[in-house]
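Quick notes on the structure that follows.
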Amino acid sequence: MNRLGFAALIVLATVAAFAVAGPVLWTIPPEATDAIHGLAGPSSVHPLGTDELGRDMLSRLLHGSRVTLLVGLAAMLAAIVIGVLVGAVAGFKGGWIDGALMRFTDAMLAVPAFFFILVVITVLGTGVGTLILVIGALSWMPVARVVYGETLRWKTAEFVVAAESLGVAGPRLLLRHILPQAIPSLIVSATLGVAFAILTESALSYLGLGVQPPLPSWGNMLQRAQLYVFTAPALAIYPGLAITIVVLAFNFLGDGLRDALDPRRRR
Amino acid sequence: MIVFASALTFFFVNLAPGGPASIMRFDVSPEQREALIRLMGLDRPVPQRYIEWLAGALHGDLGTSLLTNEPVTGRIADRLPNTLTLAGSALLISIVLGIPIGVVQAVRRGKPIDHLLSLVSAIGLSVPVFWLGIVLILVFAVSLHVLPSAGVTSVSSDTFGDRLAHLVLPAIALATTILPTVARFTRSSMIEVLHEDYVRTATSKGLRPRTVMMRHALRNALIPVVSAIGALVPRLIGGTVVTEAVFGWPGMGRLALEAAQGRDYPLVTGLTVVVAAIAVVATLLVDLAYTRIDPRLRLA
């Protein structure tokens, strides 16, 4: 893997360590308000200052990282599950099933996803579980295409035909012989998928349709911050910077993995 | 495509638990509830209602907003021009900046400028649009006082220049959703083309590098870029929701947000259909542009 990919991996490992250990080591609760010290600048008690309700920014950032990463990873998993199912079945079965499923995939890709997300949230309301499912349900299409391509490519490979002629049944053929070939591409899709999921989660939380306060996420911390952009710009800077760095790291890691795992791209 | 989007939205909205019937408040008596359900036509089967709704939609009637009791078509029509202006400007910025950036990167491949622009592209892809919007407001409206932070026009002066000043920041923020991808596509497409025999031929017969680039390489490199831009249009339109929220831009994105927050089912359905229609029209336009720049397709 290239140097940028390694750097990204180190950044992500650091962020993960902060998310796991941070809230244990930094003991100020993220919901604790301190009304007299609202919108305070950095101090020894609050190294990153406080928000409009006097809540500790560092604590909210650390707890928010858990929520943001959890939603990002879970939504990516949901997208992978749907995408693999659709892509593998379409590629393996062929015929009208293939036609119907891939048409559906193309149609989903052509509709502005964000509006569909709003539709789903209008009906189901907000909540972390809904959020994960919604993001997953609207970002599986690239995964399905990748898996579809790989399935078609390996379906006719000699070792698969050989296994088939030895009497390996359909589902087993797909699971044990074809899908493992798609794992490198899937890892790349998954990494880039986390980046997309985190961006979507933060946008929805910023709009007030995602993670609901008082539970902090990097997105909903920015929701109120815009109101104080004139008086306390730092409130808006930290969470946004955190999102950018993590998403950038996932993107670099994904690109690095693609170069490392895909021999056709190696030069 | 448009029918697909409308059917998906309509059936989802009407079949999901907590669908339109649940918006009625709890203090209505069962009889009133019955009457209201019949008034809204909710006692009939969903497919039948969908056919009726579709028939209405074909005549420009998308139903009535639950929140304001105004026709959905009218509310959307009020906002449509604003969103088209914003999305169109962002698309223009992405094309006008993205393609030259990609070309420069391809020509200077491996040089510092290529790496620098790649890094900037990667950052652009990773920055949340709404946060970039906040930062732009912070820099240009709060610190430098050079551009307005919200709205379409000022109350006092509604001139073209004033409208343009209001458009700059939202359009830049929205453009970042697709600009880096346009640049990336141009770069890789251009690099591929530069290896082609006809480019070497053109260079070896003594044409100026500029002519080779513009007439021979770029024209061919643009073909996949144009189709990539077509595929990016849905993402651009989706980005209007967040951009319009940050900049208080009265467009369809903010309307969708209000509809989602107020659980206005007819409005949200209508918006999704209109947005899908815009995406389809944009794709058609891209296909037309395609045949313009690729002469091979004119025969087909």
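Residue numbers start at 1 in each chain; chains themselves are named A, B, ... in the order of the structure tokens; ligands are numbered from 1 in the order shown.
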
Selection near Ile93 of chain B, 12 Å with only C-alpha atoms, sequence-local residues under 6 positions removed, as a PyMOL selection string: chain B and resi 86-87+99-101+167-180+182-183

Which residues of chain A come within 9 Å of chain B, and for each one, what is the closest pair of atoms and their distance in Å to one decimal, counting only C-alpha atoms, sorted by chain and residue number, as CSV?
```
residue,atom,partner,partner_atom,distance
A:Phe104,CA,B:Phe4,CA,8.9
A:Ala107,CA,B:Met1,CA,6.4
A:Met108,CA,B:Ala5,CA,8.3
A:Leu109,CA,B:Pro234,CA,7.9
A:Ala110,CA,B:Pro234,CA,6.1
A:Val111,CA,B:Ala276,CA,5.4
A:Pro112,CA,B:Pro234,CA,4.3
A:Ala113,CA,B:Gly238,CA,6.2
A:Phe114,CA,B:Gly238,CA,4.8
A:Phe115,CA,B:Thr272,CA,6.0
A:Phe116,CA,B:Thr272,CA,6.9
A:Leu118,CA,B:Ala260,CA,5.8
A:Val119,CA,B:Val268,CA,6.2
A:Val120,CA,B:Val13,CA,7.7
A:Ile121,CA,B:Ala260,CA,6.8
A:Thr122,CA,B:Ala260,CA,4.5
A:Val123,CA,B:Gly19,CA,6.1
A:Leu124,CA,B:Gly18,CA,7.0
A:Gly125,CA,B:Arg263,CA,8.7
A:Ala195,CA,B:Ser126,CA,7.7
A:Phe196,CA,B:Ser126,CA,8.7
A:Leu199,CA,B:Pro128,CA,6.0
A:Thr200,CA,B:Pro128,CA,8.6
A:Ser202,CA,B:Pro128,CA,7.7
A:Ala203,CA,B:Val242,CA,6.9
A:Leu204,CA,B:Val242,CA,8.4
A:Tyr206,CA,B:Phe130,CA,8.0
A:Leu207,CA,B:Val242,CA,7.3
A:Gly208,CA,B:Gln261,CA,8.7
A:Leu209,CA,B:Gln261,CA,7.8
A:Leu222,CA,B:Trp131,CA,7.7
A:Gln226,CA,B:Ile134,CA,6.7
A:Val229,CA,B:Leu138,CA,6.7
A:Phe230,CA,B:Val142,CA,6.5
A:Pro233,CA,B:Leu138,CA,7.4
A:Ala236,CA,B:Ile134,CA,7.5
A:Ile237,CA,B:Val135,CA,7.8
A:Pro239,CA,B:Trp131,CA,9.0
A:Gly240,CA,B:Trp131,CA,5.8
A:Leu241,CA,B:Val127,CA,8.3
A:Ile243,CA,B:Pro128,CA,7.4
A:Thr244,CA,B:Val127,CA,4.9
A:Ile245,CA,B:Ser126,CA,7.7
A:Val246,CA,B:Ser126,CA,8.4
A:Val247,CA,B:Ser126,CA,5.3
A:Leu248,CA,B:Ser126,CA,5.1
A:Ala249,CA,B:Ser126,CA,8.8
A:Asn251,CA,B:Ser126,CA,7.6
A:Phe252,CA,B:Ala122,CA,8.0
```

Polymer residues at most 12 Å from segment 216-223 of chain B, only C-alpha atoms, same-chain spacing of 3 or more positions, as a ChimeraX atom specification: /B:95,98-100,102-104,106-107,182-183,185-203,207-213,226-230,286-297

Those in segment 179-231 of chain A with alpha helix (DSSP H) from DSSP, as a ChimeraX atom specification: /A:179-206,218-225

One-decimal distance in Å that lies between atom CA of Ser65 of chain A and atom CA of Arg3 of chain A: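 Result for atom CA of Arg3 of chain A versus atom CA of Ser65 of chain A: 25.2 Å, one decimal.
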
Residue with smallest distance to Val134 of chain A - pool A:Ala260, A:Val71, A:Leu253, A:Met221, counting only C-alpha atoms: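 Closest to Val134 of chain A, using only C-alpha atoms: A:Val71.
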
Val81 of chain A environment, 9 Å, only C-alpha atoms, sequence neighbours closer than 4 positions dropped, as an MDAnalysis selection string: chainID A and resid 76:77 85:86 136 140

Suppose we keep N, CA and C atoms; can you now write the selection as an mmCIF file, in the first residue's frame?
```cif
data_model
loop_
_atom_site.group_PDB
_atom_site.id
_atom_site.type_symbol
_atom_site.label_atom_id
_atom_site.label_comp_id
_atom_site.auth_asym_id
_atom_site.auth_seq_id
_atom_site.Cartn_x
_atom_site.Cartn_y
_atom_site.Cartn_z
ATOM 1 N N MET A 76 -22.421 1.251 6.552
ATOM 2 C CA MET A 76 -21.620 0.617 5.502
ATOM 3 C C MET A 76 -21.917 -0.883 5.467
ATOM 4 N N LEU A 77 -21.992 -1.532 6.646
ATOM 5 C CA LEU A 77 -22.288 -2.966 6.692
ATOM 6 C C LEU A 77 -23.645 -3.254 6.051
ATOM 7 N N LEU A 85 -26.019 -9.102 -1.853
ATOM 8 C CA LEU A 85 -27.195 -9.913 -2.198
ATOM 9 C C LEU A 85 -27.662 -9.607 -3.617
ATOM 10 N N VAL A 86 -27.890 -8.317 -3.881
ATOM 11 C CA VAL A 86 -28.432 -7.932 -5.190
ATOM 12 C C VAL A 86 -27.444 -8.273 -6.307
ATOM 13 N N GLY A 136 -27.806 2.927 4.649
ATOM 14 C CA GLY A 136 -27.462 1.664 4.009
ATOM 15 C C GLY A 136 -28.336 1.388 2.802
ATOM 16 N N TRP A 140 -26.212 1.194 -1.386
ATOM 17 C CA TRP A 140 -25.731 -0.145 -1.727
ATOM 18 C C TRP A 140 -25.455 -0.304 -3.210
#
```
